[in-house]
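Below is run08.txt, which holds compact mmCIF, N, CA and C atoms and all ligand atoms.
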```
# COMPACT_ATOMS: atom_id res chain seq x y z
N MET A 964 107.94 15.22 102.17
CA MET A 964 108.73 16.41 101.89
C MET A 964 109.39 16.30 100.52
N THR A 965 110.06 15.16 100.28
CA THR A 965 110.71 14.97 99.00
C THR A 965 109.68 14.95 97.88
N THR A 966 108.56 14.30 98.12
CA THR A 966 107.52 14.24 97.11
C THR A 966 107.01 15.63 96.79
N ASN A 967 106.83 16.47 97.81
CA ASN A 967 106.37 17.83 97.56
C ASN A 967 107.40 18.61 96.76
N LEU A 968 108.68 18.39 97.05
CA LEU A 968 109.73 19.09 96.32
C LEU A 968 109.74 18.66 94.85
N VAL A 969 109.62 17.35 94.62
CA VAL A 969 109.59 16.84 93.25
C VAL A 969 108.37 17.36 92.51
N GLU A 970 107.24 17.40 93.22
CA GLU A 970 106.03 17.93 92.59
C GLU A 970 106.21 19.39 92.23
N ALA A 971 106.87 20.14 93.09
CA ALA A 971 107.10 21.56 92.81
C ALA A 971 108.01 21.73 91.60
N VAL A 972 109.07 20.93 91.52
CA VAL A 972 109.98 21.01 90.37
C VAL A 972 109.26 20.59 89.10
N ASN A 973 108.46 19.54 89.18
CA ASN A 973 107.68 19.12 88.01
C ASN A 973 106.73 20.21 87.55
N PHE A 974 106.12 20.91 88.51
CA PHE A 974 105.19 21.98 88.16
C PHE A 974 105.92 23.11 87.45
N VAL A 975 107.12 23.45 87.95
CA VAL A 975 107.88 24.56 87.37
C VAL A 975 108.36 24.20 85.96
N LEU A 976 108.79 22.97 85.76
CA LEU A 976 109.39 22.58 84.49
C LEU A 976 108.41 21.91 83.53
N ARG A 977 107.11 21.94 83.84
CA ARG A 977 106.15 21.16 83.06
C ARG A 977 106.07 21.60 81.60
N ARG A 978 106.31 22.87 81.32
CA ARG A 978 106.18 23.34 79.94
C ARG A 978 107.51 23.31 79.20
N THR A 979 108.61 23.02 79.90
CA THR A 979 109.92 23.08 79.24
C THR A 979 110.58 21.71 79.16
N ARG A 980 109.91 20.67 79.63
CA ARG A 980 110.59 19.38 79.74
C ARG A 980 110.90 18.74 78.40
N HIS A 981 110.24 19.14 77.34
CA HIS A 981 110.53 18.56 76.03
C HIS A 981 111.59 19.35 75.27
N LEU A 982 112.07 20.42 75.88
CA LEU A 982 113.06 21.28 75.23
C LEU A 982 114.47 20.79 75.53
N PRO A 983 115.46 21.24 74.77
CA PRO A 983 116.86 20.91 75.09
C PRO A 983 117.24 21.49 76.45
N ILE A 984 118.28 20.94 77.04
CA ILE A 984 118.65 21.33 78.40
C ILE A 984 119.01 22.80 78.48
N SER A 985 119.61 23.34 77.40
CA SER A 985 119.95 24.77 77.44
C SER A 985 118.69 25.62 77.50
N ALA A 986 117.65 25.23 76.79
CA ALA A 986 116.40 25.98 76.83
C ALA A 986 115.74 25.86 78.21
N VAL A 987 115.84 24.68 78.82
CA VAL A 987 115.30 24.50 80.17
C VAL A 987 116.05 25.39 81.15
N PHE A 988 117.39 25.46 80.99
CA PHE A 988 118.20 26.30 81.87
C PHE A 988 117.79 27.76 81.75
N TRP A 989 117.67 28.24 80.51
CA TRP A 989 117.32 29.65 80.32
C TRP A 989 115.91 29.94 80.80
N ALA A 990 114.99 29.02 80.61
CA ALA A 990 113.63 29.23 81.10
C ALA A 990 113.62 29.34 82.62
N LYS A 991 114.40 28.46 83.25
CA LYS A 991 114.48 28.51 84.71
C LYS A 991 115.16 29.80 85.16
N PHE A 992 116.19 30.24 84.42
CA PHE A 992 116.88 31.48 84.78
C PHE A 992 115.94 32.67 84.70
N TYR A 993 115.21 32.79 83.60
CA TYR A 993 114.32 33.94 83.45
C TYR A 993 113.16 33.87 84.43
N ARG A 994 112.71 32.66 84.75
CA ARG A 994 111.63 32.54 85.73
C ARG A 994 112.10 33.01 87.09
N LEU A 995 113.32 32.61 87.48
CA LEU A 995 113.87 33.06 88.76
C LEU A 995 114.16 34.55 88.73
N ALA A 996 114.64 35.05 87.59
CA ALA A 996 114.96 36.47 87.48
C ALA A 996 113.72 37.34 87.63
N THR A 997 112.57 36.83 87.25
CA THR A 997 111.34 37.60 87.44
C THR A 997 110.72 37.33 88.80
N LEU A 998 110.97 36.14 89.33
CA LEU A 998 110.36 35.78 90.61
C LEU A 998 111.06 36.44 91.79
N MET A 999 112.39 36.49 91.77
CA MET A 999 113.12 36.99 92.93
C MET A 999 112.82 38.45 93.24
N PRO A 1000 112.78 39.37 92.27
CA PRO A 1000 112.41 40.74 92.62
C PRO A 1000 111.00 40.85 93.21
N LYS A 1001 110.07 40.03 92.69
CA LYS A 1001 108.72 40.04 93.25
C LYS A 1001 108.74 39.58 94.70
N MET A 1002 109.50 38.50 94.97
CA MET A 1002 109.60 38.00 96.34
C MET A 1002 110.25 39.04 97.25
N GLY A 1003 111.28 39.71 96.73
CA GLY A 1003 111.94 40.74 97.52
C GLY A 1003 111.02 41.88 97.85
N LEU A 1004 110.21 42.27 96.87
CA LEU A 1004 109.25 43.36 97.10
C LEU A 1004 108.21 42.94 98.11
N ARG A 1005 107.76 41.69 98.00
CA ARG A 1005 106.77 41.19 98.95
C ARG A 1005 107.35 41.16 100.37
N GLN A 1006 108.61 40.70 100.49
CA GLN A 1006 109.25 40.69 101.80
C GLN A 1006 109.40 42.10 102.34
N ALA A 1007 109.76 43.05 101.46
CA ALA A 1007 109.92 44.43 101.91
C ALA A 1007 108.61 44.98 102.45
N LYS A 1008 107.51 44.65 101.77
CA LYS A 1008 106.21 45.12 102.24
C LYS A 1008 105.84 44.48 103.58
N GLN A 1009 106.17 43.17 103.72
CA GLN A 1009 105.87 42.49 104.98
C GLN A 1009 106.71 43.05 106.12
N ILE A 1010 107.96 43.36 105.83
CA ILE A 1010 108.83 43.93 106.86
C ILE A 1010 108.34 45.31 107.26
N GLU A 1011 107.94 46.10 106.26
CA GLU A 1011 107.43 47.44 106.57
C GLU A 1011 106.16 47.36 107.40
N ALA A 1012 105.35 46.32 107.12
CA ALA A 1012 104.11 46.16 107.88
C ALA A 1012 104.38 45.53 109.25
N GLY A 1013 105.61 45.08 109.49
CA GLY A 1013 105.95 44.52 110.79
C GLY A 1013 105.61 43.07 110.96
N HIS A 1014 105.33 42.36 109.86
CA HIS A 1014 104.96 40.96 109.97
C HIS A 1014 106.18 40.07 110.19
N LEU A 1015 107.26 40.34 109.50
CA LEU A 1015 108.44 39.50 109.59
C LEU A 1015 109.67 40.37 109.79
N SER A 1016 110.67 39.81 110.40
CA SER A 1016 111.94 40.53 110.48
C SER A 1016 113.07 39.51 110.54
N TYR A 1017 113.97 39.62 109.60
CA TYR A 1017 115.17 38.80 109.56
C TYR A 1017 116.36 39.74 109.58
N THR A 1018 117.37 39.36 110.30
CA THR A 1018 118.58 40.17 110.35
C THR A 1018 119.45 39.83 109.15
N VAL A 1019 119.78 40.84 108.36
CA VAL A 1019 120.61 40.68 107.17
C VAL A 1019 121.90 41.45 107.40
N ASP A 1020 123.03 40.75 107.25
CA ASP A 1020 124.34 41.37 107.36
C ASP A 1020 124.99 41.30 105.98
N LEU A 1021 124.88 42.40 105.25
CA LEU A 1021 125.37 42.40 103.87
C LEU A 1021 126.89 42.36 103.81
N ARG A 1022 127.57 42.96 104.76
CA ARG A 1022 129.04 42.95 104.74
C ARG A 1022 129.59 41.53 104.87
N ASN A 1023 129.01 40.75 105.75
CA ASN A 1023 129.47 39.37 105.96
C ASN A 1023 128.65 38.37 105.16
N ARG A 1024 127.75 38.86 104.34
CA ARG A 1024 126.92 38.02 103.48
C ARG A 1024 126.20 36.95 104.28
N ARG A 1025 125.42 37.40 105.25
CA ARG A 1025 124.68 36.48 106.10
C ARG A 1025 123.24 36.98 106.26
N CYS A 1026 122.34 36.02 106.35
CA CYS A 1026 120.95 36.33 106.65
C CYS A 1026 120.47 35.37 107.72
N GLU A 1027 119.58 35.83 108.54
CA GLU A 1027 119.09 35.02 109.65
C GLU A 1027 118.36 33.76 109.16
N CYS A 1028 117.81 33.82 107.96
CA CYS A 1028 117.08 32.65 107.44
C CYS A 1028 118.05 31.53 107.02
N GLY A 1029 119.30 31.87 106.72
CA GLY A 1029 120.32 30.87 106.38
C GLY A 1029 120.46 30.57 104.91
N ILE A 1030 119.53 31.05 104.11
CA ILE A 1030 119.57 30.73 102.69
C ILE A 1030 120.73 31.45 102.00
N PHE A 1031 120.97 32.70 102.38
CA PHE A 1031 121.99 33.51 101.74
C PHE A 1031 123.38 32.90 101.90
N GLN A 1032 123.74 32.49 103.09
CA GLN A 1032 125.07 31.91 103.31
C GLN A 1032 125.15 30.48 102.81
N THR A 1033 124.04 29.78 102.74
CA THR A 1033 124.06 28.40 102.27
C THR A 1033 124.19 28.32 100.76
N LEU A 1034 123.35 29.05 100.05
CA LEU A 1034 123.34 29.00 98.59
C LEU A 1034 124.29 29.99 97.96
N ARG A 1035 124.80 30.93 98.76
CA ARG A 1035 125.65 32.01 98.25
C ARG A 1035 124.90 32.81 97.19
N TYR A 1036 123.62 32.89 97.36
CA TYR A 1036 122.75 33.60 96.43
C TYR A 1036 121.77 34.42 97.28
N PRO A 1037 121.51 35.66 96.91
CA PRO A 1037 120.66 36.50 97.74
C PRO A 1037 119.27 35.92 97.91
N CYS A 1038 118.84 35.84 99.16
CA CYS A 1038 117.48 35.39 99.45
C CYS A 1038 116.55 36.60 99.33
N ALA A 1039 115.29 36.38 99.59
CA ALA A 1039 114.31 37.47 99.48
C ALA A 1039 114.60 38.57 100.49
N HIS A 1040 115.14 38.20 101.64
CA HIS A 1040 115.44 39.20 102.66
C HIS A 1040 116.57 40.11 102.21
N VAL A 1041 117.55 39.53 101.53
CA VAL A 1041 118.66 40.32 101.01
C VAL A 1041 118.15 41.24 99.90
N HIS A 1042 117.25 40.72 99.07
CA HIS A 1042 116.64 41.56 98.04
C HIS A 1042 115.92 42.73 98.69
N ALA A 1043 115.19 42.46 99.76
CA ALA A 1043 114.46 43.53 100.43
C ALA A 1043 115.43 44.52 101.06
N ALA A 1044 116.49 44.02 101.68
CA ALA A 1044 117.47 44.91 102.30
C ALA A 1044 118.17 45.78 101.25
N CYS A 1045 118.49 45.16 100.12
CA CYS A 1045 119.14 45.93 99.04
C CYS A 1045 118.18 46.96 98.46
N ALA A 1046 116.91 46.59 98.33
CA ALA A 1046 115.94 47.55 97.82
C ALA A 1046 115.78 48.72 98.78
N ARG A 1047 115.80 48.41 100.05
CA ARG A 1047 115.65 49.47 101.05
C ARG A 1047 116.89 50.38 101.11
N ALA A 1048 118.08 49.77 100.95
CA ALA A 1048 119.33 50.54 101.00
C ALA A 1048 119.73 51.08 99.63
N ASN A 1049 118.91 50.82 98.63
CA ASN A 1049 119.17 51.27 97.26
C ASN A 1049 120.52 50.72 96.74
N LEU A 1050 120.76 49.43 96.99
CA LEU A 1050 121.97 48.77 96.51
C LEU A 1050 121.61 47.81 95.39
N ASN A 1051 122.58 47.54 94.55
CA ASN A 1051 122.39 46.55 93.49
C ASN A 1051 122.59 45.17 94.07
N VAL A 1052 121.58 44.34 93.99
CA VAL A 1052 121.63 43.02 94.61
C VAL A 1052 122.58 42.07 93.87
N GLU A 1053 122.88 42.39 92.61
CA GLU A 1053 123.76 41.51 91.83
C GLU A 1053 125.16 41.42 92.40
N GLN A 1054 125.58 42.43 93.14
CA GLN A 1054 126.92 42.38 93.71
C GLN A 1054 127.04 41.34 94.81
N PHE A 1055 125.92 40.83 95.30
CA PHE A 1055 125.95 39.84 96.36
C PHE A 1055 125.77 38.41 95.82
N ILE A 1056 125.70 38.27 94.52
CA ILE A 1056 125.63 36.95 93.92
C ILE A 1056 127.04 36.39 93.84
N ASP A 1057 127.23 35.18 94.32
CA ASP A 1057 128.57 34.59 94.36
C ASP A 1057 129.08 34.30 92.94
N GLU A 1058 130.40 34.27 92.82
CA GLU A 1058 130.99 34.07 91.50
C GLU A 1058 130.76 32.66 90.95
N ILE A 1059 130.30 31.73 91.78
CA ILE A 1059 130.02 30.39 91.26
C ILE A 1059 128.85 30.40 90.29
N TYR A 1060 128.05 31.47 90.31
CA TYR A 1060 126.92 31.57 89.40
C TYR A 1060 127.27 32.34 88.14
N THR A 1061 128.52 32.74 87.98
CA THR A 1061 128.89 33.53 86.80
C THR A 1061 129.00 32.65 85.57
N LEU A 1062 128.84 33.29 84.43
CA LEU A 1062 128.94 32.58 83.17
C LEU A 1062 130.36 32.07 82.94
N GLU A 1063 131.36 32.84 83.37
CA GLU A 1063 132.75 32.41 83.19
C GLU A 1063 133.02 31.10 83.93
N ARG A 1064 132.47 30.99 85.14
CA ARG A 1064 132.67 29.76 85.92
C ARG A 1064 132.01 28.57 85.23
N LYS A 1065 130.80 28.79 84.73
CA LYS A 1065 130.10 27.70 84.03
C LYS A 1065 130.84 27.30 82.75
N LEU A 1066 131.35 28.30 82.03
CA LEU A 1066 132.09 27.98 80.81
C LEU A 1066 133.37 27.23 81.13
N ARG A 1067 134.02 27.58 82.25
CA ARG A 1067 135.23 26.86 82.64
C ARG A 1067 134.92 25.40 82.98
N ILE A 1068 133.77 25.18 83.62
CA ILE A 1068 133.39 23.81 83.96
C ILE A 1068 133.11 23.00 82.70
N TRP A 1069 132.29 23.59 81.81
CA TRP A 1069 131.87 22.84 80.62
C TRP A 1069 132.89 22.94 79.50
N GLY A 1070 133.95 23.72 79.69
CA GLY A 1070 134.99 23.83 78.69
C GLY A 1070 135.95 22.65 78.71
N ASN A 1071 135.91 21.84 79.76
CA ASN A 1071 136.78 20.68 79.84
C ASN A 1071 136.33 19.62 78.85
N GLU A 1072 137.29 18.78 78.50
CA GLU A 1072 136.95 17.70 77.60
C GLU A 1072 136.42 16.52 78.41
N PHE A 1073 135.41 15.91 77.88
CA PHE A 1073 134.84 14.74 78.52
C PHE A 1073 135.18 13.52 77.66
N PRO A 1074 135.56 12.41 78.29
CA PRO A 1074 135.89 11.24 77.48
C PRO A 1074 134.66 10.72 76.74
N VAL A 1075 134.89 10.31 75.52
CA VAL A 1075 133.81 9.78 74.70
C VAL A 1075 133.59 8.32 75.09
N MET A 1076 132.36 7.99 75.33
CA MET A 1076 132.05 6.61 75.70
C MET A 1076 132.13 5.72 74.46
N PRO A 1077 132.69 4.52 74.63
CA PRO A 1077 132.72 3.62 73.48
C PRO A 1077 131.31 3.15 73.13
N ASP A 1078 131.20 2.55 71.98
CA ASP A 1078 129.91 2.06 71.52
C ASP A 1078 129.36 1.04 72.53
N VAL A 1079 128.07 1.04 72.72
CA VAL A 1079 127.44 0.17 73.71
C VAL A 1079 127.75 -1.30 73.42
N SER A 1080 127.88 -1.64 72.16
CA SER A 1080 128.13 -3.05 71.82
C SER A 1080 129.52 -3.49 72.28
N ASN A 1081 130.42 -2.55 72.53
CA ASN A 1081 131.77 -2.90 72.98
C ASN A 1081 131.94 -2.88 74.49
N TRP A 1082 130.88 -2.59 75.23
CA TRP A 1082 130.98 -2.54 76.68
C TRP A 1082 131.14 -3.95 77.24
N GLU A 1083 131.97 -4.06 78.26
CA GLU A 1083 132.10 -5.32 78.98
C GLU A 1083 131.20 -5.27 80.21
N VAL A 1084 130.10 -5.97 80.12
CA VAL A 1084 129.13 -5.96 81.20
C VAL A 1084 129.23 -7.30 81.93
N PRO A 1085 129.54 -7.27 83.23
CA PRO A 1085 129.60 -8.54 83.96
C PRO A 1085 128.20 -9.14 84.11
N PRO A 1086 128.12 -10.44 84.19
CA PRO A 1086 126.79 -11.05 84.36
C PRO A 1086 126.21 -10.67 85.72
N PRO A 1087 124.93 -10.50 85.78
CA PRO A 1087 124.30 -10.12 87.06
C PRO A 1087 124.46 -11.24 88.09
N ILE A 1088 124.69 -10.81 89.34
CA ILE A 1088 124.87 -11.79 90.40
C ILE A 1088 123.55 -12.14 91.06
N PHE A 1089 122.48 -11.48 90.64
CA PHE A 1089 121.16 -11.81 91.18
C PHE A 1089 120.15 -11.57 90.06
N GLU A 1090 119.02 -12.17 90.24
CA GLU A 1090 117.95 -12.00 89.26
C GLU A 1090 116.92 -11.03 89.80
N MET A 1091 116.59 -10.04 89.00
CA MET A 1091 115.59 -9.07 89.43
C MET A 1091 114.21 -9.58 89.06
N VAL A 1092 113.34 -9.64 90.05
CA VAL A 1092 111.97 -10.07 89.85
C VAL A 1092 111.05 -8.91 90.22
N PRO A 1093 110.33 -8.38 89.25
CA PRO A 1093 109.45 -7.24 89.57
C PRO A 1093 108.29 -7.67 90.45
N ASP A 1094 107.94 -6.78 91.37
CA ASP A 1094 106.78 -7.00 92.24
C ASP A 1094 105.59 -6.31 91.60
N CYS A 1095 104.73 -7.11 90.98
CA CYS A 1095 103.59 -6.55 90.24
C CYS A 1095 102.62 -5.81 91.14
N SER A 1096 102.64 -6.10 92.43
CA SER A 1096 101.71 -5.41 93.33
C SER A 1096 102.10 -3.95 93.53
N LEU A 1097 103.35 -3.61 93.20
CA LEU A 1097 103.81 -2.23 93.37
C LEU A 1097 103.59 -1.37 92.13
N ARG A 1098 103.08 -1.95 91.05
CA ARG A 1098 102.87 -1.19 89.82
C ARG A 1098 101.76 -0.17 90.02
N ARG A 1099 101.92 0.93 89.36
CA ARG A 1099 100.88 1.95 89.40
C ARG A 1099 99.74 1.54 88.51
N HIS A 1100 98.57 1.92 88.93
CA HIS A 1100 97.40 1.68 88.11
C HIS A 1100 97.32 2.76 87.04
N SER A 1101 96.62 2.45 85.99
CA SER A 1101 96.49 3.43 84.92
C SER A 1101 95.70 4.64 85.38
N LYS A 1102 94.88 4.46 86.39
CA LYS A 1102 94.14 5.60 86.94
C LYS A 1102 95.09 6.40 87.82
N GLY A 1103 94.69 7.58 88.16
CA GLY A 1103 95.52 8.42 89.01
C GLY A 1103 96.05 9.61 88.26
N ARG A 1104 97.23 10.01 88.64
CA ARG A 1104 97.82 11.21 88.03
C ARG A 1104 98.24 10.94 86.60
N PRO A 1105 98.06 11.91 85.75
CA PRO A 1105 98.49 11.71 84.35
C PRO A 1105 100.01 11.70 84.25
N GLN A 1106 100.54 10.76 83.49
CA GLN A 1106 101.98 10.62 83.35
C GLN A 1106 102.59 11.73 82.50
N SER A 1107 101.78 12.46 81.75
CA SER A 1107 102.33 13.47 80.87
C SER A 1107 102.89 14.66 81.63
N THR A 1108 102.53 14.83 82.90
CA THR A 1108 103.05 15.96 83.65
C THR A 1108 104.34 15.62 84.38
N ARG A 1109 104.84 14.41 84.24
CA ARG A 1109 106.06 13.98 84.91
C ARG A 1109 107.27 14.25 84.05
N ILE A 1110 108.39 14.41 84.70
CA ILE A 1110 109.66 14.56 83.98
C ILE A 1110 110.28 13.20 83.84
ZN ZN A 1201 117.09 35.49 104.20
```

As a first step, turn the structure in this file into structure tokens.
Amino acid sequence: MTTNLVEAVNFVLRRTRHLPISAVFWAKFYRLATLMPKMGLRQAKQIEAGHLSYTVDLRNRRCECGIFQTLRYPCAHVHAACARANLNVEQFIDEIYTLERKLRIWGNEFPVMPDVSNWEVPPPIFEMVPDCSLRRHSKGRPQSTRI
């Protein structure tokens, strides 16, 4: 499960991994901004066809799938419900995702780390011995697609 999740994240970020973190953030933002309406439309079509049905309570910000109340971000079902009710889905995005909140977090001062040569590093209490049998072979997946 974890491996599949990491593979999925690697696949999404494969073209942006050499960029600065702000560019990676914006690329991820725009990718999600284009993906979520498509997912909502797909869910709306599936619901209309009678394939799936999730109970969405917009007043209490809850969805039967659990994603909406967990992430505080509209899931595809909420997008579909908002599209059906002709509501703006942005009003259901929690304030933790606002730019003001992010600026407040990153607006704090962070202590500057001293030069590495001045660090006091205690001597290791054990010796690390690599297990050569666990090394990856040069064959297999290309390392260039990894983050
Ligand atoms: Zn949902």

Report task. Give the answer as one residue: which of A:Trp1069, A:Glu1063, A:Ala1043, A:Val1092 has the shortest atom-to-atom distance to Glu1011 of chain A, using only C-alpha atoms? Result ->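 Using only C-alpha atoms, the shortest distance to Glu1011 of chain A belongs to A:Ala1043.
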
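With only C-alpha atoms and all ligand atoms as the basis for measurement, A:Glu1027 is the residue among A:Glu1027, A:Asp1020, A:Asp1094, A:Glu970 that approaches ligand ZN 1201 (chain A) most closely.
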
Report task. Residues up to 6 Å from ligand ZN 1201 (chain A), counting all atoms listed in the file: could you list those as a list of chain:residue names? Result -> A:Cys1026, A:Glu1027, A:Cys1028, A:Gly1029, A:Ile1030, A:Phe1031, A:Cys1038, A:Ala1039, A:His1040, A:Val1041

**Report entry** Atom-to-atom span, atom CA of Asp1057 of chain A and atom CA of Tyr1036 of chain A, Å
**Finding:**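 That distance, rounded to one decimal, is 6.3 Å.
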
Query raised in the report: For the point (113.1, 35.2, 92.0) in file coordinates, what residues are within 12 Å, counting only C-alpha atoms? Give the answer as a PyMOL selection string?
Result: chain A and resi 991-1006+1036-1043+1052

Query raised in the report: For the atom pair atom CA of Val969 of chain A and atom CA of Leu1097 of chain A, what is the interatomic distance in Å to one decimal place?
Result: 19.9 Å

Query - Secondary structure check, strand (DSSP E or B) residues of chain A, as a list of chain:residue names - result: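 Filtering chain A down to strand (DSSP E or B) leaves A:Val1019, A:Asp1020, A:Arg1025, A:Cys1026.
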
Query raised in the report: Out of segment 964-1095 of chain A, which residues get helix (DSSP H, G or I) from DSSP, as JSON, numbers by chain?
Result: {"A": [965, 966, 967, 968, 969, 970, 971, 972, 973, 974, 975, 984, 985, 986, 987, 988, 989, 990, 991, 992, 993, 994, 995, 996, 997, 998, 999, 1000, 1001, 1002, 1003, 1004, 1005, 1006, 1007, 1008, 1009, 1010, 1011, 1012, 1030, 1031, 1032, 1033, 1034, 1039, 1040, 1041, 1042, 1043, 1044, 1045, 1046, 1047, 1048, 1052, 1053, 1054, 1055, 1058, 1059, 1060, 1062, 1063, 1064, 1065, 1066, 1067, 1068, 1069, 1079, 1080, 1081, 1095]}

With 6 Å added on each side, what axis-aligned box encloses every listed atom of segment 1069-1088 of chain A? Give the centre and edge lengths in Å to one decimal, as lines of an AutoDock Vina configuration file.
```
center_x = 130.4
center_y = 5.8
center_z = 81.3
size_x = 25.7
size_y = 48.0
size_z = 31.5
```

Report task. Name all residues at most 12 Å from Thr979 of chain A (count only C-alpha atoms; drop same-chain ones fewer than 4 positions away) and give them as a list in words. Result ->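 Once the nearby chain positions are removed, what remains is Val972, Asn973, Phe974, Val975, Pro983, Ile984, Ser985, Ala986, Val987, Phe988, Trp989, Ala990, Lys991, Arg994, Thr1108, Arg1109 and Ile1110 of chain A.
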
If you keep N, CA and C atoms, can you produce a file of those selected residues as a tab-separated table (two decimals), keeping the file's coordinate frame?
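Produced file selection-v7.tsv, reproduced below:
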```tsv
chain	number	residue	atom	x	y	z
A	972	VAL	N	109.07	20.93	91.52
A	972	VAL	CA	109.98	21.01	90.37
A	972	VAL	C	109.26	20.59	89.10
A	973	ASN	N	108.46	19.54	89.18
A	973	ASN	CA	107.68	19.12	88.01
A	973	ASN	C	106.73	20.21	87.55
A	974	PHE	N	106.12	20.91	88.51
A	974	PHE	CA	105.19	21.98	88.16
A	974	PHE	C	105.92	23.11	87.45
A	975	VAL	N	107.12	23.45	87.95
A	975	VAL	CA	107.88	24.56	87.37
A	975	VAL	C	108.36	24.20	85.96
A	983	PRO	N	115.46	21.24	74.77
A	983	PRO	CA	116.86	20.91	75.09
A	983	PRO	C	117.24	21.49	76.45
A	984	ILE	N	118.28	20.94	77.04
A	984	ILE	CA	118.65	21.33	78.40
A	984	ILE	C	119.01	22.80	78.48
A	985	SER	N	119.61	23.34	77.40
A	985	SER	CA	119.95	24.77	77.44
A	985	SER	C	118.69	25.62	77.50
A	986	ALA	N	117.65	25.23	76.79
A	986	ALA	CA	116.40	25.98	76.83
A	986	ALA	C	115.74	25.86	78.21
A	987	VAL	N	115.84	24.68	78.82
A	987	VAL	CA	115.30	24.50	80.17
A	987	VAL	C	116.05	25.39	81.15
A	988	PHE	N	117.39	25.46	80.99
A	988	PHE	CA	118.20	26.30	81.87
A	988	PHE	C	117.79	27.76	81.75
A	989	TRP	N	117.67	28.24	80.51
A	989	TRP	CA	117.32	29.65	80.32
A	989	TRP	C	115.91	29.94	80.80
A	990	ALA	N	114.99	29.02	80.61
A	990	ALA	CA	113.63	29.23	81.10
A	990	ALA	C	113.62	29.34	82.62
A	991	LYS	N	114.40	28.46	83.25
A	991	LYS	CA	114.48	28.51	84.71
A	991	LYS	C	115.16	29.80	85.16
A	994	ARG	N	112.71	32.66	84.75
A	994	ARG	CA	111.63	32.54	85.73
A	994	ARG	C	112.10	33.01	87.09
A	1108	THR	N	102.53	14.83	82.90
A	1108	THR	CA	103.05	15.96	83.65
A	1108	THR	C	104.34	15.62	84.38
A	1109	ARG	N	104.84	14.41	84.24
A	1109	ARG	CA	106.06	13.98	84.91
A	1109	ARG	C	107.27	14.25	84.05
A	1110	ILE	N	108.39	14.41	84.70
A	1110	ILE	CA	109.66	14.56	83.98
A	1110	ILE	C	110.28	13.20	83.84
```

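The two atoms in question, atom CA of Ala971 of chain A and atom CA of Ile1056 of chain A, are spaced 24.1 Å apart.
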